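Q: Sharing input.txt, compact mmCIF, C-alpha atoms:
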```txt
# COMPACT_ATOMS: atom_id res chain seq x y z
CA MET A 1 0.00 0.00 0.00
CA LYS A 2 1.05 3.57 -0.63
CA LYS A 3 1.20 5.93 2.34
CA ILE A 4 -0.50 9.28 2.84
CA SER A 5 0.06 11.50 5.86
CA ILE A 6 -2.49 14.17 6.78
CA ILE A 7 -1.28 17.05 8.92
CA GLY A 8 -4.18 18.39 10.95
CA ALA A 9 -6.77 16.04 12.46
CA GLY A 10 -9.66 18.46 12.67
CA ASN A 11 -12.87 17.98 10.70
CA THR A 12 -11.21 18.35 7.30
CA GLY A 13 -8.16 16.20 8.00
CA ALA A 14 -10.11 13.44 9.71
CA THR A 15 -12.73 13.39 6.95
CA ALA A 16 -10.00 13.14 4.31
CA ALA A 17 -8.59 10.17 6.25
CA HIS A 18 -12.05 8.63 6.29
CA TRP A 19 -12.52 9.01 2.52
CA LEU A 20 -9.05 7.57 1.85
CA ALA A 21 -9.49 4.62 4.19
CA GLU A 22 -12.95 3.80 2.82
CA ARG A 23 -11.52 3.72 -0.71
CA GLU A 24 -8.49 1.61 0.33
CA LEU A 25 -6.27 4.02 -1.62
CA ALA A 26 -3.39 4.12 0.85
CA ASP A 27 -2.41 3.56 4.45
CA VAL A 28 -3.11 6.74 6.39
CA VAL A 29 -1.28 8.64 9.11
CA LEU A 30 -3.30 11.36 10.86
CA LEU A 31 -1.12 13.83 12.76
CA ASP A 32 -2.07 16.63 15.09
CA VAL A 33 -0.48 18.58 17.95
CA VAL A 34 -3.42 17.76 20.26
CA GLU A 35 -2.54 14.66 22.25
CA GLY A 36 -5.01 11.79 21.98
CA MET A 37 -7.26 13.38 19.37
CA PRO A 38 -5.68 11.92 16.21
CA GLN A 39 -5.14 8.61 18.00
CA GLY A 40 -8.80 8.39 18.99
CA LYS A 41 -10.16 9.32 15.57
CA SER A 42 -7.79 6.93 13.82
CA LEU A 43 -8.62 4.03 16.12
CA ASP A 44 -12.33 4.62 15.55
CA MET A 45 -11.73 4.62 11.79
CA LEU A 46 -9.58 1.49 11.96
CA GLU A 47 -12.35 -0.31 13.83
CA ALA A 48 -14.74 0.51 10.97
CA MET A 49 -12.58 -1.27 8.39
CA PRO A 50 -13.78 -4.81 9.20
CA ILE A 51 -17.37 -3.65 8.71
CA ILE A 52 -16.71 -2.44 5.16
CA GLY A 53 -14.15 -5.14 4.38
CA LYS A 54 -11.15 -2.88 3.81
CA ASP A 55 -7.58 -3.52 4.95
CA THR A 56 -6.47 0.10 5.14
CA HIS A 57 -4.14 0.76 8.06
CA VAL A 58 -4.88 4.02 9.90
CA ILE A 59 -2.82 5.47 12.74
CA GLY A 60 -3.00 8.70 14.71
CA THR A 61 0.07 10.41 16.09
CA ASN A 62 1.67 13.55 17.49
CA ASP A 63 5.10 12.54 16.18
CA TYR A 64 6.28 13.56 12.70
CA ALA A 65 8.57 10.51 12.64
CA ASP A 66 5.46 8.38 12.04
CA THR A 67 4.96 10.11 8.68
CA LYS A 68 8.22 8.62 7.37
CA ASN A 69 8.27 7.54 3.72
CA SER A 70 4.90 9.06 2.83
CA ASP A 71 4.07 9.23 -0.86
CA ILE A 72 1.74 12.19 -0.36
CA ILE A 73 1.47 14.79 2.41
CA ILE A 74 -1.87 16.60 2.78
CA ILE A 75 -1.68 19.78 4.91
CA THR A 76 -5.00 20.86 6.42
CA ALA A 77 -3.63 22.29 9.69
CA GLY A 78 -4.37 25.92 10.47
CA ILE A 79 -6.89 28.21 12.12
CA ALA A 80 -9.93 30.02 10.80
CA ARG A 81 -10.09 33.80 11.05
CA LYS A 82 -11.61 34.86 14.39
CA PRO A 83 -13.49 38.05 15.32
CA GLY A 84 -11.06 40.93 15.71
CA MET A 85 -8.27 39.10 13.90
CA SER A 86 -6.69 40.96 10.99
CA ARG A 87 -5.87 39.26 7.70
CA ASP A 88 -2.16 39.66 8.48
CA ASP A 89 -2.67 37.99 11.88
CA LEU A 90 -4.31 35.01 10.17
CA LEU A 91 -1.63 34.95 7.49
CA LYS A 92 1.22 34.93 10.03
CA THR A 93 -0.37 32.31 12.28
CA ASN A 94 -1.15 29.89 9.47
CA ALA A 95 2.22 30.52 7.81
CA ASP A 96 3.91 29.42 11.05
CA ILE A 97 1.72 26.29 11.24
CA VAL A 98 2.04 25.32 7.58
CA GLY A 99 5.75 26.14 7.42
CA LYS A 100 6.51 23.85 10.35
CA ALA A 101 4.30 21.06 8.95
CA ALA A 102 6.01 21.27 5.57
CA MET A 103 9.56 21.25 6.90
CA GLU A 104 9.00 18.52 9.48
CA THR A 105 7.30 16.16 7.02
CA LEU A 106 9.92 16.85 4.34
CA LYS A 107 12.64 15.61 6.75
CA HIS A 108 10.96 12.21 6.94
CA SER A 109 9.51 12.02 3.39
CA PRO A 110 11.93 13.78 1.03
CA ASN A 111 10.22 12.33 -2.06
CA ALA A 112 6.63 13.17 -1.11
CA ILE A 113 4.18 15.24 -3.14
CA PHE A 114 2.45 17.95 -1.09
CA ILE A 115 -1.23 18.89 -1.32
CA VAL A 116 -2.01 22.10 0.58
CA LEU A 117 -5.50 23.00 1.79
CA THR A 118 -4.92 25.57 4.55
CA ASN A 119 -6.20 29.10 3.86
CA PRO A 120 -5.33 31.51 2.39
CA LEU A 121 -4.87 28.58 0.04
CA ASP A 122 -2.85 29.99 -2.84
CA THR A 123 -0.45 31.77 -0.49
CA MET A 124 0.03 28.77 1.81
CA ALA A 125 0.93 26.64 -1.22
CA TYR A 126 3.41 29.34 -2.28
CA LEU A 127 4.89 29.33 1.23
CA THR A 128 5.23 25.53 1.20
CA MET A 129 7.10 25.52 -2.09
CA LYS A 130 9.39 28.39 -1.09
CA MET A 131 10.27 26.88 2.30
CA THR A 132 10.80 23.32 1.10
CA LYS A 133 12.51 24.44 -2.12
CA LEU A 134 10.72 21.62 -3.93
CA PRO A 135 9.95 21.82 -7.66
CA ARG A 136 6.50 23.17 -8.43
CA GLU A 137 5.34 19.76 -9.63
CA ARG A 138 5.45 18.47 -6.04
CA VAL A 139 3.52 21.25 -4.26
CA ILE A 140 -0.11 21.68 -5.31
CA GLY A 141 -2.95 23.65 -3.74
CA GLN A 142 -6.51 22.36 -3.62
CA ALA A 143 -9.11 24.95 -4.52
CA GLY A 144 -10.57 24.77 -8.01
CA ILE A 145 -11.81 21.20 -7.64
CA LEU A 146 -13.92 22.27 -4.66
CA ASP A 147 -15.19 25.46 -6.29
CA SER A 148 -16.01 23.61 -9.52
CA ALA A 149 -17.82 20.88 -7.57
CA ARG A 150 -19.92 23.49 -5.79
CA MET A 151 -20.88 25.03 -9.12
CA ARG A 152 -21.77 21.60 -10.51
CA ALA A 153 -23.94 20.93 -7.46
CA PHE A 154 -25.78 24.24 -7.85
CA VAL A 155 -26.36 23.62 -11.58
CA ALA A 156 -27.75 20.16 -10.76
CA MET A 157 -30.06 21.64 -8.12
CA GLU A 158 -31.36 24.21 -10.61
CA THR A 159 -31.79 21.87 -13.61
CA GLY A 160 -32.56 18.49 -12.05
CA VAL A 161 -29.86 16.91 -14.26
CA SER A 162 -27.40 14.35 -12.90
CA VAL A 163 -24.10 15.82 -11.69
CA GLU A 164 -22.40 13.25 -13.95
CA ASN A 165 -23.63 15.19 -16.99
CA ILE A 166 -22.49 18.56 -15.64
CA ASN A 167 -19.00 19.92 -16.29
CA CYS A 168 -18.00 23.19 -14.64
CA TYR A 169 -14.63 24.88 -14.46
CA VAL A 170 -13.73 27.46 -11.83
CA LEU A 171 -10.26 29.01 -11.98
CA GLY A 172 -8.45 31.78 -10.15
CA GLY A 173 -7.84 32.45 -6.47
CA HIS A 174 -9.81 30.62 -3.81
CA GLY A 175 -11.98 33.54 -2.74
CA ASP A 176 -14.68 35.97 -3.83
CA GLU A 177 -12.69 36.85 -6.97
CA MET A 178 -12.63 33.26 -8.31
CA VAL A 179 -13.37 32.85 -12.03
CA PRO A 180 -16.28 30.53 -12.96
CA LEU A 181 -15.91 29.87 -16.69
CA THR A 182 -19.54 29.68 -17.79
CA ARG A 183 -18.56 29.72 -21.47
CA HIS A 184 -16.48 26.55 -21.03
CA SER A 185 -18.93 24.82 -18.66
CA ASN A 186 -21.68 22.60 -20.04
CA ILE A 187 -24.44 20.06 -19.49
CA ALA A 188 -23.87 17.01 -21.69
CA GLY A 189 -21.98 19.22 -24.13
CA ILE A 190 -24.58 22.01 -24.20
CA PRO A 191 -23.03 25.29 -22.93
CA LEU A 192 -24.57 26.55 -19.70
CA LYS A 193 -25.40 29.86 -21.38
CA GLU A 194 -27.67 27.98 -23.80
CA TYR A 195 -29.21 25.74 -21.13
CA LEU A 196 -30.00 28.27 -18.41
CA PRO A 197 -31.55 31.77 -18.43
CA ALA A 198 -28.99 34.51 -17.84
CA ASP A 199 -30.39 35.46 -14.41
CA LYS A 200 -30.32 31.85 -13.19
CA LEU A 201 -26.75 31.40 -14.39
CA GLU A 202 -25.64 34.63 -12.75
CA ALA A 203 -27.20 33.51 -9.46
CA ILE A 204 -25.29 30.20 -9.66
CA VAL A 205 -22.02 32.04 -10.34
CA ASN A 206 -22.56 34.33 -7.34
CA ARG A 207 -23.51 31.42 -5.09
CA THR A 208 -20.38 29.54 -6.19
CA ARG A 209 -18.16 32.49 -5.30
CA LYS A 210 -19.66 32.64 -1.83
CA GLY A 211 -20.07 28.87 -1.38
CA GLY A 212 -17.73 28.58 1.58
CA GLY A 213 -19.24 31.56 3.36
CA GLU A 214 -22.75 30.15 2.92
CA ILE A 215 -21.75 27.02 4.82
CA VAL A 216 -19.95 29.02 7.54
CA ASN A 217 -23.10 31.11 8.06
CA LEU A 218 -25.25 27.99 8.34
CA LEU A 219 -22.93 26.09 10.69
CA LYS A 220 -22.24 29.13 12.92
CA THR A 221 -19.28 27.39 14.59
CA GLY A 222 -17.22 25.94 11.76
CA SER A 223 -16.62 25.70 8.03
CA ALA A 224 -17.00 23.18 5.22
CA TYR A 225 -15.08 19.92 5.42
CA TYR A 226 -16.84 17.13 3.49
CA ALA A 227 -16.32 18.59 0.01
CA PRO A 228 -12.88 20.17 0.67
CA SER A 229 -11.52 16.87 2.01
CA MET A 230 -13.00 14.87 -0.89
CA ALA A 231 -11.32 17.26 -3.32
CA CYS A 232 -7.95 16.46 -1.72
CA VAL A 233 -8.70 12.75 -2.02
CA GLN A 234 -9.49 13.11 -5.73
CA MET A 235 -6.12 14.79 -6.22
CA ALA A 236 -4.31 12.09 -4.23
CA GLU A 237 -6.03 9.32 -6.20
CA ALA A 238 -5.09 10.93 -9.52
CA ILE A 239 -1.45 11.06 -8.40
CA LEU A 240 -1.31 7.54 -6.94
CA LYS A 241 -2.99 6.02 -10.01
CA ASP A 242 -1.14 8.21 -12.53
CA LYS A 243 -4.52 9.13 -14.04
CA LYS A 244 -3.43 12.23 -16.00
CA LEU A 245 -6.58 13.89 -14.68
CA ILE A 246 -7.21 17.48 -15.78
CA VAL A 247 -8.55 19.49 -12.85
CA PRO A 248 -8.20 23.09 -11.63
CA CYS A 249 -5.55 23.34 -8.90
CA ALA A 250 -3.34 26.06 -7.45
CA THR A 251 0.11 25.76 -8.98
CA MET A 252 3.23 27.88 -9.28
CA MET A 253 2.92 29.98 -12.40
CA GLN A 254 5.97 30.14 -14.65
CA GLY A 255 4.75 32.26 -17.54
CA GLU A 256 1.46 30.47 -18.17
CA TYR A 257 -1.46 32.87 -18.61
CA GLY A 258 1.12 35.68 -18.36
CA LEU A 259 1.71 35.06 -14.63
CA ASN A 260 4.96 34.42 -12.79
CA ASP A 261 6.19 33.68 -9.25
CA MET A 262 2.77 33.11 -7.72
CA TYR A 263 0.38 30.26 -6.97
CA PHE A 264 -2.91 30.48 -8.83
CA GLY A 265 -5.81 28.23 -9.77
CA VAL A 266 -5.55 26.91 -13.33
CA PRO A 267 -6.29 23.59 -15.10
CA VAL A 268 -3.45 21.12 -14.62
CA VAL A 269 -2.70 17.51 -15.46
CA LEU A 270 -2.30 15.41 -12.30
CA GLY A 271 -0.31 12.18 -12.51
CA ALA A 272 2.47 10.24 -10.83
CA GLY A 273 4.79 13.23 -11.12
CA GLY A 274 2.32 15.49 -9.34
CA MET A 275 1.42 18.60 -11.32
CA GLU A 276 2.67 17.48 -14.71
CA ARG A 277 1.42 20.24 -17.02
CA VAL A 278 -0.62 23.44 -17.05
CA VAL A 279 -3.50 23.53 -19.55
CA GLU A 280 -4.18 26.98 -21.04
CA TYR A 281 -7.64 28.17 -22.07
CA GLN A 282 -8.27 30.89 -24.59
CA PHE A 283 -10.19 33.66 -22.79
CA ASP A 284 -12.57 36.24 -24.17
CA ALA A 285 -12.32 39.84 -22.91
CA ASP A 286 -14.66 39.37 -19.95
CA GLU A 287 -12.94 36.18 -18.79
CA LYS A 288 -9.51 37.78 -19.10
CA ALA A 289 -10.62 40.75 -17.00
CA MET A 290 -11.98 38.46 -14.25
CA PHE A 291 -8.84 36.36 -14.36
CA GLU A 292 -6.55 39.38 -14.02
CA LYS A 293 -8.62 40.81 -11.15
CA SER A 294 -8.40 37.52 -9.27
CA ALA A 295 -4.65 37.30 -9.92
CA ALA A 296 -4.13 40.81 -8.54
CA SER A 297 -5.96 39.85 -5.34
CA VAL A 298 -3.85 36.72 -4.84
CA LYS A 299 -0.64 38.60 -5.63
CA GLU A 300 -1.51 41.10 -2.91
CA THR A 301 -1.71 38.33 -0.32
CA HIS A 302 1.57 36.86 -1.57
CA GLU A 303 3.23 40.25 -1.08
CA ALA A 304 1.79 40.50 2.44
CA LEU A 305 3.30 37.09 3.22
CA LYS A 306 6.72 38.22 2.01
CA GLY A 307 6.53 41.06 4.54
CA LEU A 308 5.89 38.61 7.37
CA VAL A 309 8.04 35.58 6.55
CA THR A 310 11.65 35.10 5.51
CA PHE A 311 12.11 32.21 3.07
```
So, in terms of structure tokens, how does the structure I just supplied come out?
A:
Amino acid sequence: MKKISIIGAGNTGATAAHWLAERELADVVLLDVVEGMPQGKSLDMLEAMPIIGKDTHVIGTNDYADTKNSDIIIITAGIARKPGMSRDDLLKTNADIVGKAAMETLKHSPNAIFIVLTNPLDTMAYLTMKMTKLPRERVIGQAGILDSARMRAFVAMETGVSVENINCYVLGGHGDEMVPLTRHSNIAGIPLKEYLPADKLEAIVNRTRKGGGEIVNLLKTGSAYYAPSMACVQMAEAILKDKKLIVPCATMMQGEYGLNDMYFGVPVVLGAGGMERVVEYQFDADEKAMFEKSAASVKETHEALKGLVTF
């Protein structure tokens, strides 16, 4: 069995472990700084395996040494923004958490591919690559898969069509300036603009952009974790199985789409090498404007990070 270590055993990390174990994709290590919590969740999960007939091995730990020889590292550790906390406060706190997680796991798994989920997503992926000095192929941020899945779900709710027939593509930064590509999205090959009235499509786009906030407002005391964790699992599966799956992920831009030295959400090919290739769409004027606005927002957060952290 391959080995995947998840750093952060909160709702997102533990749910990712659950999805992975249920699919028997890899043995799983769940690590957290809280003593007993990852051990308890992992033991509970392990005891479920006989019921579903899976031989996945799951352990919980507080010791990075247990992550040794992982094929994939998934980083979910971090805090959510709290009342009175500035964006820079959140950025610094999560940079400290993610930076330590990246460096400690790299010591024990020098050949691992990293999937980063902690927010601000694009900037935490950038931090991970800069601190580990790994090639961009081996540090990938999860964002566009989740945002695209939310859009697909909303289109299915509006049309009553199976999600299997719905293809949606959301690029850009993981935030309110994300770029849902309605012109490239379709239902069984029929463009969304031809299938849905303009007002309905606009409402879906707006709901997609605020999808995470909608769940936060409903939960009151937390944020989404089922869909974000499943998105990480889809990425891990594509890598482990060398699927050459094209999905939107945050990757280090090296001239693609006219962007450089920043992480940004674009379509990539995921395979055994990690992020193997960036796929470039041809944008119309409106799409290009949205894309550039989103890139400017992400770049701003990158610059704020550089003022707080020394690489």
Q: Excluding same-chain residues fewer than 5 positions from A:Asp261, what lies within 7 Å of it counting all atoms listed in the file, as a VMD selection string?
A: chain A and resid 252 to 254
Q: Need the neighbours of (-4.9, 7.1, -5.5): which residues are at most 12 Å away, counting all atoms listed in the file, as a ChimeraX atom specification?
A: /A:1-4,19-21,23-27,71-72,232-245,270-272,274
Q: Find the residues around A:Glu47 up to 12 Å (only C-alpha atoms counted), leave out those fewer than 6 positions away in its own chain, and share them as number ranges by chain.
A: A: 18, 21-22, 40-41, 53-59
Q: Quick one: everything within 12 Å of A:Gln282, counting all atoms listed in the file, minus sequence neighbours fewer than 6 positions away in the same chain. Send it as a PyMOL selection string.
A: chain A and resi 181+183-184+256-257+288+291
Q: Compare A:Pro38, A:Pro120, A:Pro191, A:Gly172 by their minimum atom-to-atom distance to A:Thr15, counting all atoms listed in the file, and give me the closest one.
A: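 Result for the nearest residue to A:Thr15: A:Pro38.
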Q: Go through A:Leu171, A:Ile145, A:Ala9, A:Met262 one by one, measure the shortest atom-to-atom distance of each to A:Lys299 using all atoms listed in the file, and give the residue with the smallest value.
A: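 That would be A:Met262, the residue with the smallest distance to A:Lys299.
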Q: Fewer than 5 positions away in the same chain doesn't count, so skip those; otherwise give me all residues within 7 Å of A:Thr251, counting all atoms listed in the file, as a count of residues only.
A: 6
Q: For stretch 300-311 of chain A, find every residue with an atom within 12 Å (counting all atoms listed in the file), except residues of its own chain fewer than 6 positions away, and show them as a PyMOL selection string.
A: chain A and resi 87-96+98-99+103+119-133+173-175+252+260-264+293-294
